[in-house]
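Pasted below: target.cif, mmCIF, C-alpha atoms.
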```cif
data_query
loop_
_atom_site.label_atom_id
_atom_site.label_comp_id
_atom_site.auth_asym_id
_atom_site.auth_seq_id
_atom_site.Cartn_x
_atom_site.Cartn_y
_atom_site.Cartn_z
CA MET A 1305 22.87 9.48 -0.91
CA ASP A 1306 22.32 7.15 -3.79
CA LYS A 1307 18.97 6.92 -5.59
CA VAL A 1308 18.51 3.27 -4.59
CA GLN A 1309 19.28 4.08 -0.97
CA LEU A 1310 16.81 6.96 -0.95
CA LEU A 1311 14.02 4.81 -2.36
CA LEU A 1312 14.82 1.93 -0.02
CA ALA A 1313 14.70 4.31 2.95
CA LEU A 1314 11.36 5.62 1.71
CA SER A 1315 9.96 2.10 1.38
CA ILE A 1316 11.16 1.21 4.88
CA ALA A 1317 9.55 4.38 6.23
CA LEU A 1318 6.23 3.68 4.46
CA PHE A 1319 6.13 0.10 5.75
CA ALA A 1320 6.94 1.13 9.33
CA ILE A 1321 4.45 4.02 9.31
CA GLY A 1322 1.78 1.65 7.97
CA LEU A 1323 2.47 -0.83 10.77
CA LEU A 1324 2.38 2.00 13.31
CA GLY A 1325 -0.99 3.05 11.96
CA VAL A 1326 -2.38 -0.49 12.18
CA ILE A 1327 -1.32 -0.74 15.82
CA VAL A 1328 -2.10 2.78 17.00
CA ARG A 1329 -5.29 3.90 15.28
CA ARG A 1330 -8.77 3.06 16.58
CA ASN A 1331 -10.78 3.31 13.40
CA LEU A 1332 -11.20 0.04 11.47
CA LEU A 1333 -11.18 1.68 8.04
CA VAL A 1334 -8.08 3.71 8.83
CA MET A 1335 -6.37 0.47 9.87
CA LEU A 1336 -7.28 -1.08 6.51
CA MET A 1337 -5.85 1.95 4.74
CA CYS A 1338 -2.64 1.66 6.74
CA MET A 1339 -2.37 -1.96 5.56
CA GLU A 1340 -2.58 -0.67 2.00
CA LEU A 1341 0.24 1.73 2.86
CA MET A 1342 2.38 -1.24 4.00
CA LEU A 1343 1.72 -3.02 0.69
CA ASN A 1344 2.75 0.15 -1.15
CA GLY A 1345 6.02 0.29 0.77
CA VAL A 1346 6.81 -3.31 -0.17
CA ASN A 1347 5.93 -2.59 -3.80
CA LEU A 1348 8.32 0.35 -3.85
CA SER A 1349 11.20 -1.80 -2.58
CA LEU A 1350 10.42 -4.49 -5.19
CA VAL A 1351 10.40 -1.95 -8.02
CA THR A 1352 13.61 -0.37 -6.72
CA PHE A 1353 15.46 -3.68 -6.66
CA ALA A 1354 14.04 -4.69 -10.05
CA HIS A 1355 15.30 -1.37 -11.43
CA GLN A 1356 18.71 -1.90 -9.83
CA MET A 1357 19.09 -5.42 -11.22
CA GLY A 1358 17.53 -4.63 -14.58
CA GLU A 1359 15.26 -7.68 -14.41
CA ALA A 1360 11.52 -7.91 -14.91
CA VAL A 1361 10.90 -10.49 -12.16
CA GLY A 1362 10.28 -7.85 -9.50
CA ALA A 1363 7.73 -6.14 -11.71
CA VAL A 1364 5.88 -9.44 -12.16
CA LEU A 1365 5.72 -9.81 -8.38
CA VAL A 1366 4.44 -6.23 -8.05
CA PHE A 1367 1.68 -7.02 -10.51
CA LEU A 1368 0.67 -10.08 -8.48
CA ILE A 1369 0.65 -7.94 -5.32
CA PHE A 1370 -1.75 -5.53 -7.04
CA VAL A 1371 -4.15 -8.39 -7.68
CA VAL A 1372 -3.86 -9.72 -4.13
CA ALA A 1373 -4.45 -6.23 -2.68
CA THR A 1374 -7.59 -5.83 -4.77
CA ALA A 1375 -8.92 -9.22 -3.67
CA GLU A 1376 -8.09 -8.42 -0.05
CA ILE A 1377 -10.05 -5.17 -0.15
CA ALA A 1378 -12.97 -6.84 -1.93
CA VAL A 1379 -13.27 -9.33 0.94
CA ALA A 1380 -12.34 -7.02 3.82
CA ILE A 1381 -14.83 -4.23 3.07
CA PRO A 1382 -17.98 -6.43 3.27
CA ILE A 1383 -16.66 -7.91 6.51
CA VAL A 1384 -16.16 -4.41 7.93
CA LEU A 1385 -19.68 -3.44 6.87
CA LEU A 1386 -21.06 -6.59 8.51
CA LEU A 1387 -19.22 -5.83 11.75
CA VAL A 1388 -20.43 -2.24 11.76
CA LYS A 1389 -24.02 -3.37 11.18
CA ARG A 1390 -23.77 -5.71 14.13
CA LYS A 1391 -21.97 -3.44 16.63
CA GLY A 1392 -22.97 -0.04 15.33
CA SER A 1393 -19.43 1.28 15.62
CA LEU A 1394 -16.11 1.41 13.80
CA ASP A 1395 -14.24 1.50 17.08
CA LEU A 1396 -11.87 -1.38 17.58
CA ALA A 1397 -12.67 -1.58 21.31
CA ALA A 1398 -16.25 -2.58 20.45
CA TYR A 1399 -14.98 -5.84 18.95
CA ALA A 1400 -13.18 -7.01 22.08
CA ASP A 1401 -15.56 -9.96 22.43
CA LEU A 1402 -14.55 -11.50 19.08
CA LYS A 1403 -12.81 -14.84 19.45
CA GLY A 1404 -10.09 -16.50 17.40
CA MET B 1126 24.74 20.60 -20.77
CA ILE B 1127 21.09 19.81 -21.39
CA GLU B 1128 21.82 16.21 -20.41
CA SER B 1129 23.18 17.22 -17.02
CA LEU B 1130 20.29 19.65 -16.53
CA LEU B 1131 17.79 16.88 -17.27
CA SER B 1132 19.42 14.44 -14.86
CA GLY B 1133 19.43 17.17 -12.21
CA LEU B 1134 15.73 17.72 -12.84
CA ASP B 1135 15.17 13.96 -12.49
CA THR B 1136 16.84 13.93 -9.10
CA LEU B 1137 14.92 16.98 -7.97
CA LEU B 1138 11.60 15.45 -9.02
CA LEU B 1139 12.52 12.19 -7.28
CA LEU B 1140 13.24 14.07 -4.06
CA ILE B 1141 9.97 16.03 -4.30
CA PHE B 1142 7.93 12.87 -4.95
CA ALA B 1143 9.65 11.00 -2.11
CA ALA B 1144 9.02 13.87 0.31
CA GLY B 1145 5.38 14.06 -0.80
CA ALA B 1146 4.85 10.35 -0.28
CA LEU B 1147 6.43 10.51 3.17
CA ILE B 1148 4.35 13.53 4.21
CA GLY B 1149 1.17 11.82 3.00
CA ALA B 1150 2.01 8.72 5.04
CA LEU B 1151 2.69 10.77 8.17
CA LEU B 1152 -0.58 12.66 7.72
CA MET B 1153 -2.39 9.32 7.65
CA ILE B 1154 -1.34 8.69 11.25
CA VAL B 1155 -2.20 12.18 12.48
CA LEU B 1156 -5.46 13.09 10.76
CA ARG B 1157 -8.79 12.43 12.45
CA GLN B 1158 -11.44 12.14 9.73
CA PRO B 1159 -11.32 8.91 7.66
CA MET B 1160 -12.00 10.83 4.46
CA ARG B 1161 -8.92 13.00 5.01
CA VAL B 1162 -6.88 9.89 5.77
CA ALA B 1163 -8.10 8.42 2.47
CA THR B 1164 -7.09 11.59 0.64
CA ALA B 1165 -3.63 11.47 2.21
CA LEU B 1166 -3.27 7.83 1.15
CA ILE B 1167 -4.37 8.67 -2.40
CA SER B 1168 -1.78 11.44 -2.61
CA THR B 1169 0.91 9.05 -1.34
CA MET B 1170 -0.07 6.52 -4.01
CA VAL B 1171 0.01 9.14 -6.76
CA PHE B 1172 3.46 10.31 -5.64
CA LEU B 1173 4.63 6.68 -5.66
CA GLY B 1174 3.26 6.40 -9.21
CA GLY B 1175 5.39 9.43 -10.11
CA ILE B 1176 8.45 7.71 -8.62
CA TYR B 1177 7.74 4.58 -10.68
CA GLY B 1178 7.48 6.75 -13.79
CA LEU B 1179 10.83 8.38 -13.01
CA LEU B 1180 12.40 4.94 -12.58
CA GLY B 1181 11.30 4.10 -16.13
CA VAL B 1182 8.67 1.45 -15.28
CA HIS B 1183 5.79 3.35 -16.79
CA PHE B 1184 3.38 0.44 -16.92
CA ILE B 1185 3.65 -0.08 -13.17
CA ALA B 1186 3.03 3.64 -12.66
CA ALA B 1187 -0.12 3.30 -14.79
CA PHE B 1188 -1.25 0.21 -12.84
CA GLN B 1189 -0.57 2.01 -9.58
CA VAL B 1190 -2.91 4.83 -10.50
CA LEU B 1191 -5.50 2.63 -12.22
CA ILE B 1192 -5.75 -0.20 -9.69
CA TYR B 1193 -4.86 1.43 -6.39
CA VAL B 1194 -6.28 4.90 -6.80
CA GLY B 1195 -8.94 4.00 -9.35
CA ALA B 1196 -10.31 0.79 -7.82
CA VAL B 1197 -9.17 0.20 -4.24
CA MET B 1198 -9.38 3.75 -2.93
CA VAL B 1199 -12.65 4.55 -4.69
CA PHE B 1200 -14.12 1.50 -2.97
CA MET B 1201 -12.74 2.74 0.35
CA VAL B 1202 -14.17 6.23 -0.16
CA TYR B 1203 -17.61 4.76 -0.93
CA VAL B 1204 -17.56 2.86 2.35
CA ILE B 1205 -16.47 5.95 4.29
CA MET B 1206 -19.41 7.84 2.80
CA LEU B 1207 -21.77 5.00 3.78
CA LEU B 1208 -20.84 5.12 7.45
CA ASP B 1209 -21.87 7.43 10.25
CA PRO B 1210 -19.59 10.46 10.70
CA ARG B 1211 -20.48 10.78 14.41
CA ASP B 1212 -18.88 7.45 15.21
CA PRO B 1213 -16.91 7.51 18.52
CA ALA B 1214 -13.95 5.96 16.74
CA ILE B 1215 -13.63 9.18 14.76
CA GLN B 1216 -13.63 11.44 17.80
CA GLN B 1217 -10.84 9.49 19.44
CA ARG B 1218 -7.84 8.93 17.23
CA PHE B 1219 -5.52 6.59 19.09
CA SER B 1220 -6.04 3.32 20.91
CA LYS B 1221 -4.48 2.28 24.21
CA LEU B 1222 -1.54 0.80 22.33
CA LEU B 1223 -0.05 4.21 21.44
CA VAL B 1224 3.13 3.95 23.51
CA PRO B 1225 4.00 0.30 22.70
CA GLY B 1226 3.17 1.04 19.07
CA VAL B 1227 5.63 3.92 18.88
CA ILE B 1228 8.34 1.86 20.63
CA GLY B 1229 7.75 -0.98 18.16
CA PHE B 1230 7.91 1.52 15.31
CA VAL B 1231 11.36 2.77 16.36
CA VAL B 1232 12.67 -0.78 16.87
CA LEU B 1233 11.29 -1.87 13.48
CA ILE B 1234 12.98 1.08 11.74
CA PHE B 1235 16.33 0.17 13.31
CA VAL B 1236 16.01 -3.53 12.44
CA LEU B 1237 14.96 -2.87 8.83
CA VAL B 1238 17.64 -0.25 8.20
CA GLY B 1239 20.31 -2.40 9.81
CA SER B 1240 19.39 -5.49 7.79
CA THR B 1241 18.84 -3.93 4.36
CA TRP B 1242 21.31 -1.06 4.21
CA LYS B 1243 24.24 -3.28 3.20
CA ALA B 1244 22.23 -4.82 0.38
CA ALA B 1245 21.51 -1.41 -1.09
CA THR B 1246 25.03 -0.01 -1.24
CA PRO B 1247 27.53 -2.15 -3.11
CA VAL B 1248 25.78 -3.40 -6.25
CA ALA B 1249 26.24 -1.03 -9.15
CA PRO B 1250 23.50 -1.19 -11.80
CA VAL B 1251 23.93 -4.71 -13.16
CA GLY B 1252 21.66 -4.75 -16.16
CA ALA B 1253 22.36 -1.10 -17.01
CA GLY B 1254 19.14 -0.20 -15.18
CA GLY B 1255 15.57 -0.36 -16.37
CA PHE B 1256 13.58 -2.74 -18.49
CA GLY B 1257 10.80 -2.29 -20.98
CA LEU B 1258 7.24 -3.46 -21.25
CA GLN B 1259 8.36 -6.02 -23.83
CA GLN B 1260 10.74 -7.72 -21.42
CA PHE B 1261 8.10 -7.66 -18.68
CA ALA B 1262 5.43 -9.15 -20.93
CA ALA B 1263 7.75 -11.90 -22.17
CA ALA B 1264 8.75 -12.84 -18.61
CA PHE B 1265 5.13 -12.69 -17.49
CA LEU B 1266 3.61 -14.91 -20.15
CA ARG B 1267 6.50 -17.32 -20.69
CA GLU B 1268 7.81 -18.06 -17.22
CA TYR B 1269 5.03 -16.92 -14.91
CA TRP B 1270 1.91 -17.91 -16.84
CA LEU B 1271 0.86 -20.28 -14.05
CA HIS B 1272 0.88 -17.43 -11.51
CA PHE B 1273 -1.06 -15.30 -13.94
CA GLU B 1274 -3.75 -18.00 -14.19
CA LEU B 1275 -3.76 -18.49 -10.43
CA THR B 1276 -4.54 -14.79 -9.92
CA SER B 1277 -7.74 -15.26 -11.91
CA VAL B 1278 -8.68 -18.13 -9.59
CA LEU B 1279 -7.93 -15.86 -6.63
CA LEU B 1280 -10.15 -13.11 -8.03
CA VAL B 1281 -13.03 -15.54 -8.54
CA ALA B 1282 -12.59 -16.79 -4.97
CA ALA B 1283 -12.65 -13.19 -3.71
CA ILE B 1284 -15.87 -12.43 -5.59
CA VAL B 1285 -17.53 -15.57 -4.25
CA ALA B 1286 -16.38 -14.71 -0.72
CA ALA B 1287 -17.73 -11.17 -0.96
CA VAL B 1288 -21.10 -12.45 -2.18
CA ALA B 1289 -21.15 -15.04 0.62
CA VAL B 1290 -20.52 -12.36 3.24
CA VAL B 1291 -23.35 -10.23 1.87
CA LYS B 1292 -25.68 -13.27 1.92
CA LEU B 1293 -24.73 -13.87 5.55
CA GLN B 1294 -25.71 -10.29 6.29
CA ARG B 1295 -29.12 -10.77 4.65
CA ARG B 1296 -29.82 -14.00 6.54
CA ASP B 1297 -28.96 -12.25 9.82
CA ARG B 1298 -31.39 -9.49 9.15
CA GLY B 1299 -34.34 -11.55 7.98
#
```

Reformat the file's structure so that it appears as C-alpha cells.
Amino acid sequence: MDKVQLLLALSIALFAIGLLGVIVRRNLLVMLMCMELMLNGVNLSLVTFAHQMGEAVGAVLVFLIFVVATAEIAVAIPIVLLLVKRKGSLDLAAYADLKG
Amino acid sequence: MIESLLSGLDTLLLLIFAAGALIGALLMIVLRQPMRVATALISTMVFLGGIYGLLGVHFIAAFQVLIYVGAVMVFMVYVIMLLDPRDPAIQQRFSKLLVPGVIGFVVLIFVLVGSTWKAATPVAPVGAGGFGLQQFAAAFLREYWLHFELTSVLLVAAIVAAVAVVKLQRRDRG
C-alpha cells in the first residue's frame, strides 16, 4: 500500500466516522466535536494531495479551513450554551420543538 | 544503509500515527463522557499533526497543534466543564438513529473509496514531493491575498455574532 493511499484511506475513515458520530450520538457537544473530526479528515486529504502534487495551493486551502473552523466554534459554542440554558439539557431529543 | 533505515523508520512512524488517529476517532464514537471524547479528539489531532510533520509540511503541523488543540479544543473543554455532568444525554450514548446511521456509514465508505481510489493510484510524485514555507508564503500573499483578507472579515463577523448571541441571552434573562 502506497503512502498516499494509506493517508487517503485514513482521511476517508475520519470523515465517515465523524459523520457517523454526528448522526448517532445524542450529546450536542459530542456532535460538535465529531464535526471537527470531519474537518480534520478533509484537511488530511488536502495535505496529502498537496504533498503528492508538490504545490502549495492545498496548504493555502487548509489554512483557510483552520480559520473557518475557529469561527464556526466561536459561534456554535454560545448557541449551545443558550440552548442548554433554555432547555436545561444537552440531549438532542429535548430540541425536537425547534423549527426551521 | 542509514538512508534505508531512516525511510523505514518514517514508514513505521506514519503507520503508528495513522493507527493512533484512527483509534482516537473510533473511541470518540464509543466513549460516554464528553471530556473523554474531547481527549480522544485531541489525541487524534496531535497524531494528525505528527503525520503532517512526517509529510514535510511542518508549518501546517504547527498550526494544527496551535489552532485546533490550543484554541478550538481548549474552548470545547471549558464548555464541558461549565455544564452539568448528570445530564441525561451523558447517560444515554446513542440516539434512535443508530441503525440508519451505521447503514449510512457503510454506504458512505463504499462510495468514497470507490470514487477516490483511482485518483490516488496512478500519479507518481509530480513536483518531486513536498514544498517549503517559502513557496507557501509566496502563493499565499501573491495569489490568495484576497482570501487572506476575507478571512479577517469572517473572524470579525464571528466575534460580532458571538457577542450578539450573548446579548440575546442577557435580554432573555432580564

Using all atoms listed in the file and a distance of at most 6 Å, pull out the residues of chain A that contact chain B, as a PyMOL selection string. chain A and resi 1309+1324-1325+1327-1331+1355-1358+1360+1375+1379+1394-1395

Enter the distance from atom CA of A:Leu1333 to atom CA of A:Val1372, in Å, rounded to one decimal. 18.2 Å

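Here atom CA of A:Asp1401 is placed at a distance of 25.9 Å from atom CA of A:Glu1340.
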
From the options B:Leu1191, B:Leu1137, B:Tyr1203, B:Gly1145, which residue's atoms come nearest to B:Phe1172, counting only C-alpha atoms? B:Gly1145

Grab the atom CA of A:Leu1386 to atom CA of B:Pro1210 distance for me, in Å with one decimal place.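 According to the coordinates, atom CA of A:Leu1386 and atom CA of B:Pro1210 are separated by 17.3 Å.
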
Which of these residues is nearest to A:Met1335, using all atoms listed in the file: A:Ala1380, A:Asp1306, A:Ala1363, A:Val1388?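 For A:Met1335, the nearest of the candidates is A:Ala1380.
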
Pick from B:Ala1165, B:Gly1178, B:Gly1195, B:Gly1239: nearest to A:Ala1313, with all atoms listed in the file counted? B:Gly1239

One residue among A:Gly1322, A:Gly1345, A:Pro1382, A:Gly1392 is nearest to A:Val1366 when using all atoms listed in the file, and that residue is A:Gly1345

Go through A:Ala1373, A:Leu1365, A:Val1334, A:Leu1311 one by one, measure the shortest atom-to-atom distance of each to A:Leu1348 using only C-alpha atoms, and give the residue with the smallest value. A:Leu1311

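Among B:Val1278, B:Leu1138, B:Ala1186, B:Leu1271, the residue with the shortest atom-to-atom distance to B:Val1171, counting only C-alpha atoms, is B:Ala1186.
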
As AutoDock Vina command-line options, please report the centre and edge lengths, rounded to one decimal in Å, of the axis-aligned box that holds all listed atoms of stretch 1324-1336 of chain A with 8 Å of padding on each of the six sides.
```
--center_x -4.4 --center_y 1.4 --center_z 11.8 --size_x 29.6 --size_y 21.0 --size_z 26.5
```

Saving stretch 1201-1241 of chain B with N, CA and C atoms, as a PDB file, in the first residue's frame, what would that file be?
```
ATOM      1  N   MET B1201     -13.644  24.044  23.815  1.00  0.00           N
ATOM      2  CA  MET B1201     -14.595  22.946  23.998  1.00  0.00           C
ATOM      3  C   MET B1201     -14.518  22.384  25.424  1.00  0.00           C
ATOM      4  N   VAL B1202     -13.291  22.210  25.915  1.00  0.00           N
ATOM      5  CA  VAL B1202     -13.112  21.643  27.254  1.00  0.00           C
ATOM      6  C   VAL B1202     -13.682  22.583  28.319  1.00  0.00           C
ATOM      7  N   TYR B1203     -13.493  23.897  28.128  1.00  0.00           N
ATOM      8  CA  TYR B1203     -14.106  24.864  29.045  1.00  0.00           C
ATOM      9  C   TYR B1203     -15.615  24.677  29.114  1.00  0.00           C
ATOM     10  N   VAL B1204     -16.241  24.548  27.946  1.00  0.00           N
ATOM     11  CA  VAL B1204     -17.705  24.412  27.918  1.00  0.00           C
ATOM     12  C   VAL B1204     -18.139  23.120  28.595  1.00  0.00           C
ATOM     13  N   ILE B1205     -17.383  22.034  28.360  1.00  0.00           N
ATOM     14  CA  ILE B1205     -17.734  20.759  29.016  1.00  0.00           C
ATOM     15  C   ILE B1205     -17.669  20.925  30.527  1.00  0.00           C
ATOM     16  N   MET B1206     -16.660  21.664  31.005  1.00  0.00           N
ATOM     17  CA  MET B1206     -16.537  21.845  32.455  1.00  0.00           C
ATOM     18  C   MET B1206     -17.648  22.732  33.002  1.00  0.00           C
ATOM     19  N   LEU B1207     -18.201  23.621  32.152  1.00  0.00           N
ATOM     20  CA  LEU B1207     -19.289  24.501  32.602  1.00  0.00           C
ATOM     21  C   LEU B1207     -20.584  23.735  32.819  1.00  0.00           C
ATOM     22  N   LEU B1208     -20.775  22.648  32.074  1.00  0.00           N
ATOM     23  CA  LEU B1208     -22.100  22.029  32.031  1.00  0.00           C
ATOM     24  C   LEU B1208     -22.237  20.924  33.059  1.00  0.00           C
ATOM     25  N   ASP B1209     -23.483  20.539  33.284  1.00  0.00           N
ATOM     26  CA  ASP B1209     -23.831  19.591  34.336  1.00  0.00           C
ATOM     27  C   ASP B1209     -23.426  18.169  33.948  1.00  0.00           C
ATOM     28  N   PRO B1210     -22.646  17.483  34.770  1.00  0.00           N
ATOM     29  CA  PRO B1210     -22.250  16.111  34.411  1.00  0.00           C
ATOM     30  C   PRO B1210     -23.356  15.085  34.580  1.00  0.00           C
ATOM     31  N   ARG B1211     -24.486  15.448  35.236  1.00  0.00           N
ATOM     32  CA  ARG B1211     -25.560  14.458  35.406  1.00  0.00           C
ATOM     33  C   ARG B1211     -26.621  14.586  34.331  1.00  0.00           C
ATOM     34  N   ASP B1212     -26.241  15.218  33.231  1.00  0.00           N
ATOM     35  CA  ASP B1212     -27.163  15.406  32.120  1.00  0.00           C
ATOM     36  C   ASP B1212     -27.630  14.057  31.567  1.00  0.00           C
ATOM     37  N   PRO B1213     -28.936  13.888  31.242  1.00  0.00           N
ATOM     38  CA  PRO B1213     -29.386  12.599  30.685  1.00  0.00           C
ATOM     39  C   PRO B1213     -28.721  12.247  29.372  1.00  0.00           C
ATOM     40  N   ALA B1214     -28.275  13.265  28.626  1.00  0.00           N
ATOM     41  CA  ALA B1214     -27.625  12.968  27.350  1.00  0.00           C
ATOM     42  C   ALA B1214     -26.311  12.235  27.550  1.00  0.00           C
ATOM     43  N   ILE B1215     -25.748  12.349  28.770  1.00  0.00           N
ATOM     44  CA  ILE B1215     -24.480  11.672  29.025  1.00  0.00           C
ATOM     45  C   ILE B1215     -24.720  10.217  29.413  1.00  0.00           C
ATOM     46  N   GLN B1216     -25.836   9.975  30.106  1.00  0.00           N
ATOM     47  CA  GLN B1216     -26.126   8.590  30.494  1.00  0.00           C
ATOM     48  C   GLN B1216     -26.430   7.720  29.273  1.00  0.00           C
ATOM     49  N   GLN B1217     -27.096   8.329  28.299  1.00  0.00           N
ATOM     50  CA  GLN B1217     -27.517   7.554  27.140  1.00  0.00           C
ATOM     51  C   GLN B1217     -26.678   7.984  25.947  1.00  0.00           C
ATOM     52  N   ARG B1218     -25.923   7.055  25.381  1.00  0.00           N
ATOM     53  CA  ARG B1218     -24.954   7.456  24.367  1.00  0.00           C
ATOM     54  C   ARG B1218     -25.576   7.715  23.007  1.00  0.00           C
ATOM     55  N   PHE B1219     -26.442   6.779  22.543  1.00  0.00           N
ATOM     56  CA  PHE B1219     -26.841   6.812  21.150  1.00  0.00           C
ATOM     57  C   PHE B1219     -28.290   7.247  20.987  1.00  0.00           C
ATOM     58  N   SER B1220     -28.573   7.916  19.879  1.00  0.00           N
ATOM     59  CA  SER B1220     -29.935   8.340  19.604  1.00  0.00           C
ATOM     60  C   SER B1220     -30.675   7.215  18.886  1.00  0.00           C
ATOM     61  N   LYS B1221     -31.925   7.518  18.478  1.00  0.00           N
ATOM     62  CA  LYS B1221     -32.726   6.488  17.820  1.00  0.00           C
ATOM     63  C   LYS B1221     -32.202   6.167  16.424  1.00  0.00           C
ATOM     64  N   LEU B1222     -31.324   7.026  15.915  1.00  0.00           N
ATOM     65  CA  LEU B1222     -30.862   6.865  14.539  1.00  0.00           C
ATOM     66  C   LEU B1222     -29.658   5.946  14.428  1.00  0.00           C
ATOM     67  N   LEU B1223     -29.439   5.076  15.423  1.00  0.00           N
ATOM     68  CA  LEU B1223     -28.222   4.258  15.437  1.00  0.00           C
ATOM     69  C   LEU B1223     -28.126   3.354  14.210  1.00  0.00           C
ATOM     70  N   VAL B1224     -29.207   2.622  13.921  1.00  0.00           N
ATOM     71  CA  VAL B1224     -29.147   1.653  12.816  1.00  0.00           C
ATOM     72  C   VAL B1224     -29.034   2.352  11.461  1.00  0.00           C
ATOM     73  N   PRO B1225     -29.923   3.352  11.142  1.00  0.00           N
ATOM     74  CA  PRO B1225     -29.727   4.044   9.869  1.00  0.00           C
ATOM     75  C   PRO B1225     -28.371   4.727   9.770  1.00  0.00           C
ATOM     76  N   GLY B1226     -27.870   5.224  10.903  1.00  0.00           N
ATOM     77  CA  GLY B1226     -26.559   5.874  10.884  1.00  0.00           C
ATOM     78  C   GLY B1226     -25.465   4.912  10.484  1.00  0.00           C
ATOM     79  N   VAL B1227     -25.494   3.705  11.034  1.00  0.00           N
ATOM     80  CA  VAL B1227     -24.446   2.723  10.710  1.00  0.00           C
ATOM     81  C   VAL B1227     -24.560   2.289   9.254  1.00  0.00           C
ATOM     82  N   ILE B1228     -25.816   2.116   8.773  1.00  0.00           N
ATOM     83  CA  ILE B1228     -26.004   1.741   7.357  1.00  0.00           C
ATOM     84  C   ILE B1228     -25.448   2.844   6.454  1.00  0.00           C
ATOM     85  N   GLY B1229     -25.778   4.115   6.798  1.00  0.00           N
ATOM     86  CA  GLY B1229     -25.262   5.233   6.015  1.00  0.00           C
ATOM     87  C   GLY B1229     -23.751   5.289   6.053  1.00  0.00           C
ATOM     88  N   PHE B1230     -23.165   4.957   7.190  1.00  0.00           N
ATOM     89  CA  PHE B1230     -21.715   4.950   7.344  1.00  0.00           C
ATOM     90  C   PHE B1230     -21.068   3.965   6.371  1.00  0.00           C
ATOM     91  N   VAL B1231     -21.619   2.751   6.310  1.00  0.00           N
ATOM     92  CA  VAL B1231     -21.053   1.726   5.416  1.00  0.00           C
ATOM     93  C   VAL B1231     -21.191   2.164   3.961  1.00  0.00           C
ATOM     94  N   VAL B1232     -22.383   2.694   3.595  1.00  0.00           N
ATOM     95  CA  VAL B1232     -22.604   3.128   2.213  1.00  0.00           C
ATOM     96  C   VAL B1232     -21.639   4.252   1.857  1.00  0.00           C
ATOM     97  N   LEU B1233     -21.461   5.209   2.797  1.00  0.00           N
ATOM     98  CA  LEU B1233     -20.575   6.345   2.547  1.00  0.00           C
ATOM     99  C   LEU B1233     -19.141   5.878   2.322  1.00  0.00           C
ATOM    100  N   ILE B1234     -18.700   4.895   3.137  1.00  0.00           N
ATOM    101  CA  ILE B1234     -17.334   4.373   2.978  1.00  0.00           C
ATOM    102  C   ILE B1234     -17.170   3.786   1.573  1.00  0.00           C
ATOM    103  N   PHE B1235     -18.169   2.986   1.140  1.00  0.00           N
ATOM    104  CA  PHE B1235     -18.056   2.365  -0.181  1.00  0.00           C
ATOM    105  C   PHE B1235     -18.016   3.419  -1.274  1.00  0.00           C
ATOM    106  N   VAL B1236     -18.896   4.434  -1.179  1.00  0.00           N
ATOM    107  CA  VAL B1236     -18.963   5.458  -2.223  1.00  0.00           C
ATOM    108  C   VAL B1236     -17.647   6.245  -2.277  1.00  0.00           C
ATOM    109  N   LEU B1237     -17.138   6.646  -1.102  1.00  0.00           N
ATOM    110  CA  LEU B1237     -15.917   7.455  -1.084  1.00  0.00           C
ATOM    111  C   LEU B1237     -14.721   6.663  -1.606  1.00  0.00           C
ATOM    112  N   VAL B1238     -14.598   5.402  -1.148  1.00  0.00           N
ATOM    113  CA  VAL B1238     -13.462   4.591  -1.607  1.00  0.00           C
ATOM    114  C   VAL B1238     -13.571   4.349  -3.104  1.00  0.00           C
ATOM    115  N   GLY B1239     -14.784   4.028  -3.571  1.00  0.00           N
ATOM    116  CA  GLY B1239     -14.957   3.764  -4.992  1.00  0.00           C
ATOM    117  C   GLY B1239     -14.653   4.968  -5.854  1.00  0.00           C
ATOM    118  N   SER B1240     -14.971   6.182  -5.358  1.00  0.00           N
ATOM    119  CA  SER B1240     -14.804   7.362  -6.212  1.00  0.00           C
ATOM    120  C   SER B1240     -13.405   7.949  -6.133  1.00  0.00           C
ATOM    121  N   THR B1241     -12.680   7.725  -5.017  1.00  0.00           N
ATOM    122  CA  THR B1241     -11.373   8.385  -4.913  1.00  0.00           C
ATOM    123  C   THR B1241     -10.199   7.437  -5.107  1.00  0.00           C
TER     124      THR B1241
END
```
